[in-house]
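Okay, coords.txt now, which holds compact mmCIF, C-alpha atoms and all ligand atoms:
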```txt
# COMPACT_ATOMS: atom_id res chain seq x y z
CA MET A 205 0.11 -8.75 4.99
CA ALA A 206 3.04 -7.76 7.18
CA VAL A 207 5.72 -7.73 4.51
CA VAL A 208 6.81 -4.38 3.23
CA LEU A 209 8.76 -3.56 0.10
CA SER A 210 11.42 -1.12 1.06
CA SER A 211 12.17 1.41 -1.63
CA GLY A 212 15.40 2.73 -0.12
CA SER A 213 14.88 5.83 1.93
CA THR A 214 11.43 6.62 0.53
CA THR A 215 8.00 5.53 1.78
CA PRO A 216 7.56 1.77 2.28
CA ILE A 217 5.12 0.23 -0.15
CA PRO A 218 2.85 -2.43 1.43
CA LEU A 219 3.41 -5.65 -0.44
CA ARG A 220 -0.30 -6.36 -0.49
CA ALA A 221 -0.61 -3.60 -3.07
CA PHE A 222 0.90 -5.94 -5.60
CA PRO A 223 -1.27 -8.64 -7.11
CA PHE A 224 1.60 -11.06 -7.58
CA CYS A 225 2.21 -11.18 -3.84
CA SER A 226 0.09 -13.81 -2.17
CA SER A 227 0.20 -16.13 0.78
CA SER A 228 3.42 -17.92 -0.07
CA SER A 229 5.35 -14.66 -0.16
CA SER A 230 4.09 -13.41 3.17
CA SER A 231 7.09 -14.62 5.11
CA SER A 232 9.68 -13.23 2.68
CA SER A 233 10.80 -9.73 2.08
CA TYR A 234 12.27 -8.01 -0.90
CA SER A 235 14.20 -4.89 -1.60
CA LEU A 236 13.16 -2.90 -4.58
CA ARG A 237 15.96 -2.54 -7.13
CA SER A 238 14.19 -0.48 -9.76
CA ILE A 239 10.79 0.57 -11.01
CA ARG A 240 9.92 1.43 -14.59
CA VAL A 241 6.63 3.20 -15.09
CA ARG A 242 4.81 2.69 -18.35
CA GLU A 243 1.80 5.01 -18.01
CA ARG A 244 1.75 8.57 -16.77
CA HIS A 245 -1.73 8.42 -15.26
CA PRO A 246 -3.15 5.96 -12.75
CA PRO A 247 -3.47 3.07 -12.82
CA LEU A 248 0.25 2.83 -13.39
CA HIS A 249 1.79 -0.16 -15.06
CA LEU A 250 4.99 -0.92 -13.22
CA HIS A 251 7.89 -3.10 -14.07
CA LEU A 252 9.67 -4.02 -10.85
CA ARG A 253 13.05 -5.58 -10.18
CA LEU A 254 13.18 -7.11 -6.71
CA ARG A 255 15.92 -8.75 -4.72
CA VAL A 256 14.99 -11.39 -2.15
CA ARG A 257 16.50 -10.23 1.15
CA GLY A 258 19.52 -12.21 2.28
CA SER A 259 20.08 -13.65 -1.17
CA ALA A 260 21.67 -12.56 -4.41
CA THR A 261 18.62 -13.68 -6.37
CA GLU A 262 16.82 -11.02 -8.34
CA THR A 263 13.35 -11.41 -9.69
CA GLU A 264 11.18 -9.31 -11.98
CA ALA A 265 7.48 -8.61 -11.99
CA THR A 266 5.14 -6.48 -13.95
CA THR A 267 2.10 -5.18 -12.19
CA THR A 268 -0.57 -2.54 -12.22
CA THR A 269 -0.95 -0.59 -9.07
CA THR A 270 -2.31 2.64 -7.82
CA GLN A 271 -0.74 2.18 -4.42
CA LEU A 272 2.13 4.49 -5.18
CA ASP A 273 -0.28 7.21 -6.20
CA HIS A 274 -2.45 6.55 -3.20
CA ASP A 275 0.45 7.22 -0.88
CA ASN A 276 0.52 10.75 -2.24
CA ASN A 277 -3.20 11.05 -2.84
CA LYS A 278 -5.04 13.10 -0.26
CA ASN A 279 -8.26 11.31 -1.09
CA LEU A 280 -6.86 7.93 -0.09
CA LYS A 281 -4.41 9.04 2.53
CA MET A 282 -3.95 7.05 5.72
CA TRP A 283 -5.54 8.90 8.59
CA ASN A 284 -3.62 8.88 11.81
CA GLN A 285 -5.13 6.99 14.71
CA GLN A 286 -6.40 10.05 16.49
CA GLU A 287 -8.13 11.36 13.35
CA GLN A 288 -9.73 7.94 12.79
CA GLN A 289 -10.99 7.72 16.36
CA GLN A 290 -12.43 11.21 16.12
CA LEU A 291 -14.19 10.35 12.86
CA GLN A 292 -15.57 7.07 14.24
CA LYS A 293 -16.90 8.82 17.33
CA GLY A 294 -18.66 11.35 15.10
CA ILE A 295 -20.14 8.60 12.90
CA ALA A 296 -21.36 6.59 15.89
CA GLU A 297 -23.01 9.63 17.48
CA PHE A 298 -24.50 10.78 14.18
CA TYR A 299 -26.25 7.43 13.68
CA ASP A 300 -27.09 7.03 17.37
CA ASP A 301 -28.91 10.35 17.20
CA SER A 302 -30.55 10.12 13.79
CA SER A 303 -31.49 6.47 13.23
CA SER A 304 -34.85 6.49 14.99
CA LEU A 305 -35.91 9.63 13.12
CA TRP A 306 -34.97 7.99 9.84
CA GLU A 307 -36.74 4.76 10.76
CA ASN A 308 -39.91 6.65 11.77
CA ILE A 309 -40.20 8.31 8.40
CA TRP A 310 -38.39 6.01 6.01
CA GLY A 311 -38.34 2.57 7.60
CA ASP A 312 -35.42 0.24 8.13
CA HIS A 313 -33.32 0.87 4.99
CA MET A 314 -30.87 3.76 5.27
CA HIS A 315 -29.89 3.86 1.63
CA HIS A 316 -30.94 5.35 -1.69
CA GLY A 317 -33.83 3.87 -3.64
CA PHE A 318 -33.40 2.53 -7.17
CA TYR A 319 -35.90 4.25 -9.48
CA ASP A 320 -36.67 4.23 -13.15
CA PRO A 321 -35.07 7.36 -14.63
CA ASN A 322 -37.45 10.36 -14.78
CA SER A 323 -40.14 8.51 -12.86
CA ASP A 324 -42.50 10.56 -10.77
CA VAL A 325 -42.45 8.99 -7.33
CA SER A 326 -44.39 9.54 -4.17
CA LEU A 327 -43.12 8.87 -0.68
CA SER A 328 -45.00 5.60 -0.51
CA ASP A 329 -42.91 4.22 -3.39
CA HIS A 330 -39.63 4.67 -1.61
CA ARG A 331 -39.55 1.52 0.45
CA SER A 332 -40.00 -0.60 -2.65
CA ALA A 333 -37.31 1.48 -4.40
CA GLN A 334 -34.94 0.73 -1.50
CA ILE A 335 -35.71 -2.98 -1.72
CA ARG A 336 -35.19 -2.74 -5.46
CA MET A 337 -31.75 -1.27 -4.78
CA ILE A 338 -30.83 -4.47 -2.93
CA ASP A 339 -32.25 -6.71 -5.64
CA GLU A 340 -30.58 -4.76 -8.45
CA ALA A 341 -27.23 -4.89 -6.63
CA LEU A 342 -27.54 -8.67 -6.23
CA ARG A 343 -28.56 -8.97 -9.86
CA PHE A 344 -25.64 -6.81 -11.03
CA SER A 345 -23.26 -9.17 -9.26
CA SER A 346 -25.07 -12.19 -10.76
CA LEU A 347 -25.59 -13.59 -7.28
CA SER A 348 -28.57 -15.88 -6.90
CA GLU A 349 -27.79 -17.50 -3.57
CA ALA A 350 -25.76 -16.97 -0.44
CA LYS A 351 -25.53 -18.87 2.80
CA ASN A 352 -23.25 -16.78 4.97
CA VAL A 353 -23.35 -13.01 4.67
CA VAL A 354 -21.61 -10.09 6.34
CA ASP A 355 -23.33 -6.71 6.20
CA VAL A 356 -20.54 -4.15 6.62
CA GLY A 357 -21.98 -0.87 7.90
CA CYS A 358 -25.39 -2.44 8.52
CA GLY A 359 -27.44 0.51 9.83
CA ILE A 360 -30.46 -0.98 11.59
CA GLY A 361 -30.07 -4.15 9.58
CA GLY A 362 -32.59 -3.73 6.76
CA SER A 363 -30.35 -5.34 4.13
CA SER A 364 -29.38 -8.24 6.40
CA ARG A 365 -32.95 -9.13 7.26
CA TYR A 366 -34.04 -8.87 3.63
CA ILE A 367 -31.14 -10.97 2.32
CA ALA A 368 -31.48 -13.51 5.15
CA ALA A 369 -35.14 -14.00 4.30
CA LYS A 370 -34.53 -14.03 0.53
CA PHE A 371 -31.73 -16.63 0.57
CA ASP A 372 -32.37 -18.33 3.88
CA ALA A 373 -28.89 -17.10 4.73
CA LYS A 374 -27.10 -16.43 7.97
CA CYS A 375 -26.23 -12.71 8.21
CA GLN A 376 -23.95 -10.86 10.59
CA GLY A 377 -24.02 -7.07 10.55
CA ILE A 378 -21.55 -4.58 11.95
CA THR A 379 -22.02 -0.89 12.64
CA LEU A 380 -20.24 1.76 14.68
CA SER A 381 -23.48 2.83 16.33
CA PRO A 382 -24.55 0.97 19.51
CA VAL A 383 -28.09 2.32 19.07
CA GLN A 384 -28.27 0.84 15.56
CA ALA A 385 -26.88 -2.55 16.63
CA GLN A 386 -29.41 -2.78 19.44
CA ARG A 387 -32.31 -1.74 17.25
CA ALA A 388 -31.21 -4.09 14.45
CA ASN A 389 -31.16 -7.03 16.89
CA ALA A 390 -34.56 -6.05 18.31
CA LEU A 391 -36.09 -5.92 14.82
CA ALA A 392 -34.55 -9.28 13.91
CA SER A 393 -35.96 -10.79 17.06
CA SER A 394 -39.44 -9.34 16.54
CA GLN A 395 -39.44 -10.70 12.97
CA GLY A 396 -38.41 -14.16 14.14
CA LEU A 397 -35.04 -13.91 12.40
CA SER A 398 -32.80 -13.96 15.48
CA PRO A 399 -31.27 -17.37 14.91
CA LEU A 400 -30.22 -16.33 11.42
CA VAL A 401 -29.37 -12.66 11.80
CA SER A 402 -27.27 -10.83 14.38
CA PHE A 403 -25.64 -7.46 14.77
CA GLN A 404 -22.76 -6.03 16.77
CA VAL A 405 -20.74 -2.86 17.16
CA ALA A 406 -17.48 -3.31 15.26
CA ASP A 407 -15.17 -1.45 12.93
CA ALA A 408 -15.23 -2.36 9.24
CA LEU A 409 -11.50 -1.68 9.13
CA GLU A 410 -10.80 -4.27 11.86
CA GLN A 411 -13.56 -6.80 11.39
CA PRO A 412 -14.11 -9.31 14.20
CA PHE A 413 -14.29 -12.25 11.78
CA PRO A 414 -11.80 -14.90 10.69
CA ASP A 415 -10.46 -14.97 7.14
CA GLY A 416 -12.56 -16.47 4.36
CA GLN A 417 -15.85 -16.75 6.22
CA PHE A 418 -18.53 -15.18 4.01
CA ASP A 419 -19.82 -16.11 0.58
CA LEU A 420 -21.41 -12.65 0.32
CA VAL A 421 -19.67 -9.52 1.61
CA TRP A 422 -22.19 -6.69 1.44
CA SER A 423 -21.45 -3.02 1.92
CA MET A 424 -24.42 -0.78 1.18
CA GLU A 425 -23.56 2.91 1.49
CA SER A 426 -20.93 2.57 4.17
CA GLY A 427 -17.73 2.84 2.08
CA GLU A 428 -18.02 6.63 1.96
CA HIS A 429 -17.41 6.70 5.73
CA MET A 430 -14.15 4.75 5.53
CA PRO A 431 -11.02 6.87 6.05
CA ASP A 432 -8.70 4.22 4.60
CA LYS A 433 -10.21 2.80 1.43
CA GLN A 434 -7.38 0.35 0.94
CA LYS A 435 -7.80 -1.12 4.40
CA PHE A 436 -11.53 -1.18 3.83
CA VAL A 437 -11.38 -3.25 0.62
CA SER A 438 -8.59 -5.42 2.08
CA GLU A 439 -10.86 -6.30 4.99
CA LEU A 440 -13.77 -7.03 2.63
CA ALA A 441 -11.47 -9.33 0.65
CA ARG A 442 -10.03 -10.95 3.77
CA VAL A 443 -13.37 -12.01 5.22
CA ALA A 444 -14.73 -13.17 1.84
CA ALA A 445 -14.66 -16.93 1.30
CA PRO A 446 -12.72 -18.18 -1.72
CA GLY A 447 -15.12 -17.79 -4.65
CA GLY A 448 -17.25 -15.40 -2.55
CA THR A 449 -18.86 -12.23 -3.88
CA ILE A 450 -18.14 -8.69 -2.70
CA ILE A 451 -20.71 -5.98 -3.37
CA ILE A 452 -19.89 -2.35 -2.63
CA VAL A 453 -22.54 0.30 -3.26
CA THR A 454 -21.16 3.69 -2.37
CA TRP A 455 -20.84 7.40 -3.01
CA CYS A 456 -17.87 8.34 -5.16
CA HIS A 457 -16.61 11.49 -6.79
CA ARG A 458 -16.29 11.57 -10.58
CA ASP A 459 -13.27 9.97 -12.19
CA LEU A 460 -10.42 12.35 -12.79
CA ARG A 461 -9.93 13.31 -16.42
CA PRO A 462 -6.63 12.72 -18.23
CA GLY A 463 -4.24 15.44 -17.15
CA GLU A 464 -6.08 16.13 -13.88
CA ASP A 465 -4.47 15.12 -10.63
CA SER A 466 -7.23 16.43 -8.40
CA LEU A 467 -10.77 17.74 -8.48
CA GLN A 468 -11.45 21.40 -9.19
CA PRO A 469 -11.28 23.64 -6.09
CA TRP A 470 -15.05 24.34 -6.21
CA GLU A 471 -15.72 20.60 -6.38
CA GLN A 472 -13.49 19.89 -3.41
CA ALA A 473 -15.14 22.73 -1.49
CA LEU A 474 -18.59 21.25 -2.12
CA LEU A 475 -17.48 17.78 -1.02
CA ASN A 476 -15.84 19.22 2.09
CA LYS A 477 -19.14 20.72 3.18
CA ILE A 478 -20.87 17.36 2.67
CA CYS A 479 -18.07 15.61 4.57
CA ASN A 480 -18.50 17.90 7.55
CA ALA A 481 -22.23 17.34 7.69
CA PHE A 482 -22.27 13.55 7.21
CA TYR A 483 -19.03 12.55 8.98
CA LEU A 484 -17.25 11.48 5.84
CA PRO A 485 -13.52 11.45 5.17
CA ALA A 486 -12.24 12.46 1.74
CA TRP A 487 -13.91 10.76 -1.22
CA CYS A 488 -12.43 8.64 -3.98
CA SER A 489 -13.57 7.73 -7.48
CA THR A 490 -15.06 4.50 -8.81
CA THR A 491 -11.84 3.94 -10.73
CA ASP A 492 -9.91 4.18 -7.47
CA TYR A 493 -12.06 1.38 -6.04
CA VAL A 494 -11.57 -0.75 -9.14
CA SER A 495 -7.80 -0.22 -8.95
CA LEU A 496 -7.75 -1.22 -5.29
CA LEU A 497 -9.71 -4.39 -6.04
CA GLU A 498 -7.38 -5.16 -8.94
CA SER A 499 -4.39 -4.70 -6.69
CA LEU A 500 -5.81 -7.45 -4.45
CA SER A 501 -6.16 -9.80 -7.43
CA LEU A 502 -9.92 -9.95 -7.10
CA GLN A 503 -11.78 -11.28 -10.12
CA ASP A 504 -14.80 -10.41 -12.28
CA ILE A 505 -14.56 -6.78 -11.22
CA LYS A 506 -17.52 -4.80 -12.51
CA ALA A 507 -18.53 -1.22 -11.84
CA ALA A 508 -21.38 1.01 -12.92
CA ASP A 509 -22.62 4.51 -12.33
CA TRP A 510 -26.19 4.31 -11.01
CA SER A 511 -26.56 8.07 -10.41
CA GLN A 512 -29.44 8.33 -12.86
CA TYR A 513 -31.38 5.62 -10.98
CA VAL A 514 -31.14 7.37 -7.61
CA ALA A 515 -31.98 10.91 -8.76
CA PRO A 516 -35.45 11.12 -7.12
CA PHE A 517 -34.07 10.09 -3.71
CA TRP A 518 -32.70 13.30 -2.15
CA PRO A 519 -35.57 15.52 -3.33
CA ALA A 520 -37.90 13.01 -1.65
CA VAL A 521 -35.86 13.00 1.57
CA ILE A 522 -36.00 16.80 1.64
CA ARG A 523 -39.77 16.73 1.05
CA SER A 524 -40.20 14.28 3.91
CA ALA A 525 -38.08 16.49 6.20
CA LEU A 526 -40.32 19.45 5.39
CA THR A 527 -43.48 17.76 6.63
CA TRP A 528 -44.76 18.57 10.12
CA LYS A 529 -43.68 15.14 11.37
CA GLY A 530 -40.29 15.55 9.71
CA LEU A 531 -39.59 19.01 11.05
CA THR A 532 -40.67 18.33 14.63
CA SER A 533 -38.70 15.07 14.75
CA LEU A 534 -35.67 16.82 13.29
CA LEU A 535 -35.76 19.56 15.89
CA ARG A 536 -35.96 16.95 18.64
CA THR A 537 -32.92 14.98 17.46
CA GLY A 538 -30.37 17.75 17.79
CA TRP A 539 -27.71 19.65 15.93
CA LYS A 540 -25.84 16.78 14.26
CA THR A 541 -28.96 15.57 12.48
CA ILE A 542 -30.08 19.09 11.59
CA ARG A 543 -26.67 19.81 10.08
CA GLY A 544 -27.02 16.60 8.01
CA ALA A 545 -30.45 17.72 6.83
CA LEU A 546 -29.12 21.13 5.81
CA ALA A 547 -26.51 19.44 3.64
CA MET A 548 -29.06 17.44 1.63
CA PRO A 549 -29.41 20.06 -1.14
CA LEU A 550 -25.63 19.84 -1.58
CA MET A 551 -26.00 16.17 -2.51
CA ILE A 552 -28.50 17.12 -5.21
CA GLN A 553 -26.14 19.81 -6.45
CA GLY A 554 -23.25 17.33 -6.53
CA TYR A 555 -25.21 14.83 -8.59
CA GLN A 556 -26.52 17.49 -10.96
CA LYS A 557 -23.04 18.82 -11.63
CA GLY A 558 -21.72 15.32 -12.33
CA LEU A 559 -19.38 15.54 -9.34
CA ILE A 560 -21.06 12.88 -7.18
CA LYS A 561 -21.53 9.39 -8.57
CA PHE A 562 -23.63 6.66 -7.04
CA ALA A 563 -21.44 3.68 -7.74
CA ILE A 564 -21.76 -0.07 -7.59
CA ILE A 565 -18.59 -2.12 -7.67
CA THR A 566 -18.66 -5.91 -7.46
CA CYS A 567 -16.08 -8.65 -7.69
CA ARG A 568 -15.29 -12.17 -6.64
CA LYS A 569 -12.49 -13.55 -4.50
CA PRO A 570 -10.57 -16.12 -6.50
CA PRO A 571 -11.06 -19.74 -5.58
CA PRO A 572 -7.98 -21.31 -3.89
CA ALA A 573 -6.45 -22.70 -7.10
CA HIS A 574 -6.11 -19.16 -8.50
CA VAL A 575 -4.42 -17.91 -5.36
CA ASP A 576 -1.85 -20.71 -5.65
CA GLY A 577 -1.30 -19.85 -9.32
CA SER A 578 -0.49 -16.22 -8.60
CA ALA A 579 1.85 -17.23 -5.77
CA SER A 580 4.09 -19.10 -8.16
CA ALA A 581 4.57 -15.95 -10.23
CA THR A 582 6.57 -14.34 -7.42
CA THR A 583 9.51 -16.65 -7.48
C1 LIG A 601 -25.86 5.24 5.49
S1 LIG A 601 -25.75 4.01 6.70
C2 LIG A 601 -26.12 2.58 5.72
C3 LIG A 601 -26.79 1.53 6.53
C4 LIG A 601 -27.19 0.24 5.83
N1 LIG A 601 -26.13 -0.31 5.03
C5 LIG A 601 -28.43 0.38 5.01
O1 LIG A 601 -28.37 0.32 3.80
O2 LIG A 601 -29.51 0.52 5.60
C6 LIG A 601 -24.00 3.88 6.98
C7 LIG A 601 -23.61 2.81 8.00
O3 LIG A 601 -22.19 2.62 7.93
C8 LIG A 601 -21.74 2.39 9.25
N2 LIG A 601 -20.29 2.64 9.33
C9 LIG A 601 -19.61 3.74 8.99
N3 LIG A 601 -18.31 3.58 9.23
C10 LIG A 601 -18.16 2.34 9.74
C11 LIG A 601 -17.05 1.58 10.20
N4 LIG A 601 -15.81 2.04 10.19
N5 LIG A 601 -17.29 0.34 10.67
C12 LIG A 601 -18.54 -0.18 10.71
N6 LIG A 601 -19.62 0.50 10.28
C13 LIG A 601 -19.44 1.73 9.81
C14 LIG A 601 -22.56 3.34 10.09
O4 LIG A 601 -22.49 2.97 11.46
C15 LIG A 601 -23.94 3.11 9.43
O5 LIG A 601 -24.55 2.00 10.01
```

Turn the structure described in the file into structure tokens.
Amino acid sequence: MAVVLSSGSTTPIPLRAFPFCSSSSSSSSYSLRSIRVRERHPPLHLHLRLRVRGSATETEATTTTTQLDHDNNKNLKMWNQQEQQQLQKGIAEFYDDSSSLWENIWGDHMHHGFYDPNSDVSLSDHRSAQIRMIDEALRFSSLSEAKNVVDVGCGIGGSSRYIAAKFDAKCQGITLSPVQAQRANALASSQGLSPLVSFQVADALEQPFPDGQFDLVWSMESGEHMPDKQKFVSELARVAAPGGTIIIVTWCHRDLRPGEDSLQPWEQALLNKICNAFYLPAWCSTTDYVSLLESLSLQDIKAADWSQYVAPFWPAVIRSALTWKGLTSLLRTGWKTIRGALAMPLMIQGYQKGLIKFAIITCRKPPPAHVDGSASATT
């Protein structure tokens, strides 16, 4: 939304951060008269007094937002364009270089498996654990059918092809990696899914789709790469059809405890090393995601920590890298992939210390009637 709340000489606050602002308010603008904050820790409950520009009318609204905190929060900061382009180039090259190695050893799903806690698993169980991850995510969101799906950060398209076949759905995947998009299309074609499933190179933060197109918006382990989490979830919400489901499965850091305004220095240092190896920007928490979804007035927001269900994954990836096939392939793919492999024990450490959380967050875009209802609250 283009409209910006101007808070005097301080940072402008994008109006989309406020749930009461919806389509009907997009052509208006307001000046902020006062803010009263009810809670000291995010999410903040704000009481706002607004004046409609060019009029003497004042209006009041109460809202919950983390946007103000996010403006000052390093973890959710806006990256400048150059930083974003640099990051995207790194991500594209990382997946261009490493995807065929991964596919050779692990198959077409580039995400964690979902395992029973404490189960003893062998490599051959992993593909079914990765499929189970998809099924459990769909189940968590209570989704039993979909007709038009976008797979945001699609890898080589494993989720798209599985969901297309499961629901007889049309799926469109986007990735930053040209090698992945090409391979994903080739696999779809060889499996006879081409009319239903297609892939292209595109940025999740500027999706090449019109508003309201998809009844399922699927993001499996791509959110951690997004430098602007607010833009990311806004784009997911934008392309979702009214009543559509959004499923985000992603790596998060632990929630901050009351009184904390950042992670401990050792925690940040560990995450920084992982970021460097896997081309990740700064992380956020599950609560941050929930707050962002709330700020967009999305409904039925649910989140869970699935860390215990993914625990066998990284040890298994390391074991597979230490086989003859794994090692020789790794050495052939180059430094970026090797650096990623060297960081794998850090992921295990992060989970064990309770710093890294494997999170699922789902919600629904309100049907049109609800959008209209919230619009009337602005005036
Ligand atoms: C770990 S892989 C997950 C792949 C796939 N979802 C799966 O489960 O097999 C991360 C994917 O996110 C994609 N990605 C990262 N940042 C992106 C962005 N800004 N726009 C589109 N795709 C992005 C990468 O290109 C890669 O395909």

Using all atoms listed in the file, find each residue with an atom at most 8 Å away from ligand LIG 601 (chain A) and format the answer as a ChimeraX atom specification. /A:292,295-296,299,312-316,355-363,378-381,384,405-409,423-431

Mind writing the picked residues with C-alpha atoms as an mmCIF file, in the coordinates of the input?
```
data_model
loop_
_atom_site.group_PDB
_atom_site.id
_atom_site.type_symbol
_atom_site.label_atom_id
_atom_site.label_comp_id
_atom_site.auth_asym_id
_atom_site.auth_seq_id
_atom_site.Cartn_x
_atom_site.Cartn_y
_atom_site.Cartn_z
ATOM 1 C CA GLN A 292 -15.570 7.070 14.240
ATOM 2 C CA ILE A 295 -20.140 8.600 12.900
ATOM 3 C CA ALA A 296 -21.360 6.590 15.890
ATOM 4 C CA TYR A 299 -26.250 7.430 13.680
ATOM 5 C CA ASP A 312 -35.420 0.240 8.130
ATOM 6 C CA HIS A 313 -33.320 0.870 4.990
ATOM 7 C CA MET A 314 -30.870 3.760 5.270
ATOM 8 C CA HIS A 315 -29.890 3.860 1.630
ATOM 9 C CA HIS A 316 -30.940 5.350 -1.690
ATOM 10 C CA ASP A 355 -23.330 -6.710 6.200
ATOM 11 C CA VAL A 356 -20.540 -4.150 6.620
ATOM 12 C CA GLY A 357 -21.980 -0.870 7.900
ATOM 13 C CA CYS A 358 -25.390 -2.440 8.520
ATOM 14 C CA GLY A 359 -27.440 0.510 9.830
ATOM 15 C CA ILE A 360 -30.460 -0.980 11.590
ATOM 16 C CA GLY A 361 -30.070 -4.150 9.580
ATOM 17 C CA GLY A 362 -32.590 -3.730 6.760
ATOM 18 C CA SER A 363 -30.350 -5.340 4.130
ATOM 19 C CA ILE A 378 -21.550 -4.580 11.950
ATOM 20 C CA THR A 379 -22.020 -0.890 12.640
ATOM 21 C CA LEU A 380 -20.240 1.760 14.680
ATOM 22 C CA SER A 381 -23.480 2.830 16.330
ATOM 23 C CA GLN A 384 -28.270 0.840 15.560
ATOM 24 C CA VAL A 405 -20.740 -2.860 17.160
ATOM 25 C CA ALA A 406 -17.480 -3.310 15.260
ATOM 26 C CA ASP A 407 -15.170 -1.450 12.930
ATOM 27 C CA ALA A 408 -15.230 -2.360 9.240
ATOM 28 C CA LEU A 409 -11.500 -1.680 9.130
ATOM 29 C CA SER A 423 -21.450 -3.020 1.920
ATOM 30 C CA MET A 424 -24.420 -0.780 1.180
ATOM 31 C CA GLU A 425 -23.560 2.910 1.490
ATOM 32 C CA SER A 426 -20.930 2.570 4.170
ATOM 33 C CA GLY A 427 -17.730 2.840 2.080
ATOM 34 C CA GLU A 428 -18.020 6.630 1.960
ATOM 35 C CA HIS A 429 -17.410 6.700 5.730
ATOM 36 C CA MET A 430 -14.150 4.750 5.530
ATOM 37 C CA PRO A 431 -11.020 6.870 6.050
#
```

Env of segment 451-460 of chain A: 9 Å cut, atoms = all atoms listed in the file, seq-sep filter 3 positions within chain, self excluded. Answer as number ranges by chain. A: 341-342, 345, 420-428, 463-467, 475, 487-492, 554, 558-568

Any chance you could export the current selection's C-alpha atoms as an mmCIF file, keeping the file's coordinate frame?
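Output file out_5.cif follows:
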```cif
data_model
loop_
_atom_site.group_PDB
_atom_site.id
_atom_site.type_symbol
_atom_site.label_atom_id
_atom_site.label_comp_id
_atom_site.auth_asym_id
_atom_site.auth_seq_id
_atom_site.Cartn_x
_atom_site.Cartn_y
_atom_site.Cartn_z
ATOM 1 C CA ALA A 341 -27.230 -4.890 -6.630
ATOM 2 C CA LEU A 342 -27.540 -8.670 -6.230
ATOM 3 C CA SER A 345 -23.260 -9.170 -9.260
ATOM 4 C CA LEU A 420 -21.410 -12.650 0.320
ATOM 5 C CA VAL A 421 -19.670 -9.520 1.610
ATOM 6 C CA TRP A 422 -22.190 -6.690 1.440
ATOM 7 C CA SER A 423 -21.450 -3.020 1.920
ATOM 8 C CA MET A 424 -24.420 -0.780 1.180
ATOM 9 C CA GLU A 425 -23.560 2.910 1.490
ATOM 10 C CA SER A 426 -20.930 2.570 4.170
ATOM 11 C CA GLY A 427 -17.730 2.840 2.080
ATOM 12 C CA GLU A 428 -18.020 6.630 1.960
ATOM 13 C CA GLY A 463 -4.240 15.440 -17.150
ATOM 14 C CA GLU A 464 -6.080 16.130 -13.880
ATOM 15 C CA ASP A 465 -4.470 15.120 -10.630
ATOM 16 C CA SER A 466 -7.230 16.430 -8.400
ATOM 17 C CA LEU A 467 -10.770 17.740 -8.480
ATOM 18 C CA LEU A 475 -17.480 17.780 -1.020
ATOM 19 C CA TRP A 487 -13.910 10.760 -1.220
ATOM 20 C CA CYS A 488 -12.430 8.640 -3.980
ATOM 21 C CA SER A 489 -13.570 7.730 -7.480
ATOM 22 C CA THR A 490 -15.060 4.500 -8.810
ATOM 23 C CA THR A 491 -11.840 3.940 -10.730
ATOM 24 C CA ASP A 492 -9.910 4.180 -7.470
ATOM 25 C CA GLY A 554 -23.250 17.330 -6.530
ATOM 26 C CA GLY A 558 -21.720 15.320 -12.330
ATOM 27 C CA LEU A 559 -19.380 15.540 -9.340
ATOM 28 C CA ILE A 560 -21.060 12.880 -7.180
ATOM 29 C CA LYS A 561 -21.530 9.390 -8.570
ATOM 30 C CA PHE A 562 -23.630 6.660 -7.040
ATOM 31 C CA ALA A 563 -21.440 3.680 -7.740
ATOM 32 C CA ILE A 564 -21.760 -0.070 -7.590
ATOM 33 C CA ILE A 565 -18.590 -2.120 -7.670
ATOM 34 C CA THR A 566 -18.660 -5.910 -7.460
ATOM 35 C CA CYS A 567 -16.080 -8.650 -7.690
ATOM 36 C CA ARG A 568 -15.290 -12.170 -6.640
#
```

Distance in Å - atom CA of Gln472 of chain A versus atom CA of Ile552 of chain A: 15.4 Å

Have a look at A:Val401, A:Ala441, A:Ala385, A:Leu391 and name the one nearest to Ala373 of chain A; count all atoms listed in the file. A:Val401

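Nearest-residue note for Pro399 of chain A: choosing from A:Lys529, A:Arg365, A:Lys370, A:Arg387, the minimum distance belongs to A:Arg365, counting all atoms listed in the file.
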
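Atom CA of Cys479 of chain A is found 17.5 Å from atom CA of Asn284 of chain A.
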
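Minimum atom-to-atom distance to Trp539 of chain A, evaluated using all atoms listed in the file, belongs to A:Phe482 out of A:Leu400, A:Pro469, A:Asp509, A:Phe482.
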
Hey, what's within 8 Å of Ile335 of chain A if we count all atoms listed in the file and toss same-chain stuff fewer than 4 positions away? As a list of chain:residue names, please? A:Gly317, A:Arg331, A:Asp339

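As for atom CA of Thr537 of chain A and atom CA of Gln386 of chain A, they are spaced 18.2 Å apart.
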
Enclose the full set of atoms of segment 419-433 of chain A listed in the file within a box whose edges lie along x, y and z, apply 6 Å of padding to each of the six sides, and report centre and edge lengths in Å to one decimal as AutoDock Vina command-line options.
```
--center_x -16.6 --center_y -4.6 --center_z 3.2 --size_x 27.7 --size_y 35.0 --size_z 17.7
```

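In terms of minimum interatomic distance to Ile450 of chain A, A:Pro570 ranks closest within A:Gly538, A:Pro516, A:Gly396, A:Pro570, counting all atoms listed in the file.
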
Can I get the residues of segment 470-535 of chain A within 10 Å of segment 318-321 of chain A, each with the closest pair of atoms and their distance in Å to one decimal, using only C-alpha atoms, sorted chain first then ascending number, as a Markdown table?
```
| residue | atom | partner | partner_atom | distance |
| --- | --- | --- | --- | --- |
| A:Trp510 | CA | A:Phe318 | CA | 8.4 |
| A:Ser511 | CA | A:Phe318 | CA | 9.4 |
| A:Gln512 | CA | A:Pro321 | CA | 6.0 |
| A:Tyr513 | CA | A:Tyr319 | CA | 5.0 |
| A:Val514 | CA | A:Phe318 | CA | 5.4 |
| A:Ala515 | CA | A:Pro321 | CA | 7.5 |
| A:Pro516 | CA | A:Tyr319 | CA | 7.3 |
| A:Phe517 | CA | A:Phe318 | CA | 8.3 |
```
